[in-house]
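Reviewing the structure listed below.
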Amino acid sequence: MNNKIVVLGAGFAGLQLARRLRKSHFDVTLIDQYNFHQFQPLFYQVATGRLEPSSISFPLRKIFQKQENIHVRVATVEHVDWEANQVVTESCRFDYDFLVIATGCVTNFFGNKNIEQYAFPMKATIEAIALRNRILLNFEDALGAENNELDGLMNMVIAGGGPTGVELAGALIELKKNILPKDYPDMDFSRLNIYLLEGSPVLLAPMSKDSQQKSQDYLLKMGVHVWTNALIDDYDGKLVKTKDGRTIRTNNLIWTAGVTGAVPNGIPKESLVRGNRIVVDAYHKVQGLKNVFAIGDISYMETPDWPKGHPQLANVAINQAKNLAQNLILQSNNTAPHLFSYKNPGSMATVGKRKAVVDLPKLHFHGLGAWLVWMFLHLMLILSVKNKLIIFINWAISYVTNDTTLRLILLPSKKQVDIAVERDWLDENHTEKSCKV
């Protein structure tokens, strides 16, 4: 009988692992709450109407067509019963011989319930769509708003000066300059302000000092209000308050300020470290558990080159998945597995048209060249040729015209809401059973 592998999460790590095992003798079940893979680095372009969600989302069943040993299941994991070697979802149990946790991260609100309630996160395609709707509806509302309501509508605050925050700030300021005045010729966009708030002294903290300074210079020159050393204390849906007493009136707080591991219930607390990450050894095996592995953003592995763990990046996740897939195959053949080794190829962030910063191991550069490198490498990570072509065409049109045609407000219908409610009801009133794959 083939060994059963259950993979939790279809992000970069989980998807890469399943793809590497699709011609193996293993029986693989890939479980995710969505039926598609999401390309997270371009969520901000969905939120600002530059790309459609379908351009960066890939149906899992399409990816694994004709792969008889790969089984896709759309479900929410309730907990892992590691003593019984079972994964328990809302409706059934999945047996496993090997379990791979690749659940990634979720937004970290640092325990602030007000921010969690009122801010807009951007860690999923549906959240990027919700943010796009909110941004576009703001301008529709502003057309008929009273003067004293405009600040709330026209101030947009981004919390977090990492790559996502920097890229989103650049996209929003370009939207203000190049597109919105054409769509709303009777509106005064001098009142539209983009704020980027970062709690540390610099933007893009993991990058070089040159890239940190250049990215900030780009944003300031473009018109973004950059506040460093600005830790947000609270937000009530109308007013952002920082710990040093500054305030911004806004209905729009976009939260990109942190992530925390999406750890399934049942994983022992002794196996977790700061950031809610799961401790693994150099072979990706979870500390203290048998036949359980973790890869991608959820995993924490200390090595001589990375004494504080690897960065939570797509490239790390993909390489960990490749190594684990190889090791599982080697292990099944009674061959010694390989230690994971990772060399940092560099990091990058785009700020706007012809503006980006790139850090390579021995070289730092910015400007047009960096921007072209950023675009090329992101296109190469897109799964399908069709999607690569669609994104390239959209980018080319946007480059030439300084415009896009994707600013659609798509709110859920009553039936869509009913379906969501129904699924929640089923989650609370399920009957557990064993699942056949």
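The way I read the labels, and the way they are meant: chains A, B, ... in the order of the structure tokens, residue 1 as the first residue of every chain, and ligand 1 as the first ligand shown, with later ones counted on from there.
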Can you pull out every residue from range 264-359 of chain A that DSSP, working from the backbone, puts in helix (DSSP H, G or I), and format the result as a ChimeraX atom specification?
/A:269-271,296-298,314-332
I need the residues of range 278-381 of chain A that end up classed as strand (DSSP E or B) by DSSP on the backbone, written out as an MDAnalysis selection string.
chainID A and resid 278:280 285:286 292:294 299:300 347:352 355:360 363:366
Filtering to C-alpha atoms, could you give me those residues as a PDB file, in the first residue's frame?
```pdb
ATOM      1  CA  ILE A 278       6.846  25.671  14.274  1.00  0.00           C
ATOM      2  CA  VAL A 279      10.363  24.558  15.204  1.00  0.00           C
ATOM      3  CA  VAL A 280      11.855  22.069  12.741  1.00  0.00           C
ATOM      4  CA  LYS A 285      10.839  17.479  10.879  1.00  0.00           C
ATOM      5  CA  VAL A 286       8.736  19.096  13.608  1.00  0.00           C
ATOM      6  CA  VAL A 292       5.224  15.465  10.965  1.00  0.00           C
ATOM      7  CA  PHE A 293       7.038  18.113   8.905  1.00  0.00           C
ATOM      8  CA  ALA A 294       6.637  21.864   8.425  1.00  0.00           C
ATOM      9  CA  SER A 299       8.429  26.721   9.863  1.00  0.00           C
ATOM     10  CA  TYR A 300      11.352  27.914  11.957  1.00  0.00           C
ATOM     11  CA  SER A 347      15.543  40.775  -2.108  1.00  0.00           C
ATOM     12  CA  MET A 348      13.626  43.488  -3.897  1.00  0.00           C
ATOM     13  CA  ALA A 349      10.653  45.832  -3.779  1.00  0.00           C
ATOM     14  CA  THR A 350       8.975  48.047  -6.354  1.00  0.00           C
ATOM     15  CA  VAL A 351       7.820  51.549  -5.499  1.00  0.00           C
ATOM     16  CA  GLY A 352       6.177  52.592  -8.754  1.00  0.00           C
ATOM     17  CA  LYS A 355      11.134  52.735  -9.513  1.00  0.00           C
ATOM     18  CA  ALA A 356      12.356  49.724  -7.548  1.00  0.00           C
ATOM     19  CA  VAL A 357      15.190  48.651  -5.264  1.00  0.00           C
ATOM     20  CA  VAL A 358      17.125  45.391  -5.531  1.00  0.00           C
ATOM     21  CA  ASP A 359      19.643  43.879  -3.123  1.00  0.00           C
ATOM     22  CA  LEU A 360      21.835  41.076  -4.452  1.00  0.00           C
ATOM     23  CA  LEU A 363      25.312  44.400  -5.491  1.00  0.00           C
ATOM     24  CA  HIS A 364      22.628  46.975  -4.700  1.00  0.00           C
ATOM     25  CA  PHE A 365      20.861  48.959  -7.405  1.00  0.00           C
ATOM     26  CA  HIS A 366      17.688  50.890  -8.019  1.00  0.00           C
TER      27      HIS A 366
END
```
Distance of CA of Leu153 in chain A from CA of Gly199 in chain A, expressed in Å to one decimal place: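 Pair CA of Gly199 in chain A / CA of Leu153 in chain A returns 23.8 Å.
Going from CA of Gly111 in chain A over to CA of Arg274 in chain A, you cover 14.6 Å.
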**8 Å contact set for range 394-410 of chain A, only C-alpha atoms, chain neighbours under 6 positions out, as number ranges by chain** = A: 48-52, 132-133, 136-137, 178-179, 353
Under the rule that only C-alpha atoms are counted, which of A:Phe98, A:Ala370, A:Leu172, A:Phe64 is the nearest residue to Gln331 in chain A?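 Ranking A:Phe98, A:Ala370, A:Leu172, A:Phe64 by distance to Gln331 in chain A, first place goes to A:Phe98.
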Expressed in Å, the length from CA of Phe39 in chain A to CA of His225 in chain A is 28.2 Å
* Might you pull out every residue within 12 Å of Asn112 in chain A, with only C-alpha atoms counted and same-chain residues fewer than 4 positions away left off, and present them as a count of residues only? => 12
- Task: Find the residues near Ala75 in chain A: any atom within 9 Å, counting only C-alpha atoms, skip ones fewer than 5 places away on the same chain, and give them as number ranges by chain.
- Result: A: 31-34, 89-91
Taking C-alpha atoms for each residue, export the selection above as a PDB file, in the first residue's frame.
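Done, and the output landed in selection.pdb:
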```
ATOM      1  CA  ILE A  31      -6.054  20.340   1.917  1.00  0.00           C
ATOM      2  CA  ASP A  32      -6.758  24.074   1.719  1.00  0.00           C
ATOM      3  CA  GLN A  33      -9.655  26.328   2.655  1.00  0.00           C
ATOM      4  CA  TYR A  34      -9.701  27.639  -0.931  1.00  0.00           C
ATOM      5  CA  THR A  89     -11.565  18.903   9.371  1.00  0.00           C
ATOM      6  CA  GLU A  90     -15.079  20.297   9.893  1.00  0.00           C
ATOM      7  CA  SER A  91     -16.654  17.213   8.344  1.00  0.00           C
TER       8      SER A  91
END
```
Residue with the minimum atom-to-atom distance to Thr260 in chain A, picked from A:Lys182, A:Arg93, A:Arg277, A:Lys362 with only C-alpha atoms counted, is A:Arg277
Among A:Ser24, A:Asn69, A:Asn2, A:Thr125, Ala47 in chain A is approached most closely, using only C-alpha atoms, by A:Thr125
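The list of residues with at least one atom within 12 Å of Asn147 in chain A, based on only C-alpha atoms and without residues fewer than 6 positions apart in the same chain, reads A:Asp141, A:Leu153, A:Met154, A:Asp188, A:Arg191.
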Selection above as a file: C-alpha atoms, as a short mmCIF file (atom, residue, chain, number, x, y, z; two decimals), in the first residue's frame:
```
data_model
loop_
_atom_site.label_atom_id
_atom_site.label_comp_id
_atom_site.auth_asym_id
_atom_site.auth_seq_id
_atom_site.Cartn_x
_atom_site.Cartn_y
_atom_site.Cartn_z
CA ASP A 141 -19.05 58.45 -1.65
CA LEU A 153 -12.84 59.33 2.93
CA MET A 154 -9.77 60.87 1.32
CA ASP A 188 -10.38 67.77 -6.06
CA ARG A 191 -7.29 66.33 -0.60
#
```
Of A:Ser54, A:Tyr96, A:Gly165, A:Asn3, the one sitting nearest Lys388 in chain A when using only C-alpha atoms is A:Ser54
Of A:Ser341, A:Ser413, A:Asn265, A:Thr256, the one nearest to Phe110 in chain A when counting only C-alpha atoms is A:Thr256
- Neighbours of Glu83 in chain A within 12 Å (only C-alpha atoms; same-chain residues fewer than 5 positions away dropped), as a PyMOL selection string? chain A and resi 95-97+266-268+288-292
Option closest in space to Asp81 in chain A, from A:Val224, A:Pro264, A:Met187, A:Met301 [counting only C-alpha atoms]: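 When distances to Asp81 in chain A are compared using only C-alpha atoms, the smallest one comes from A:Pro264.
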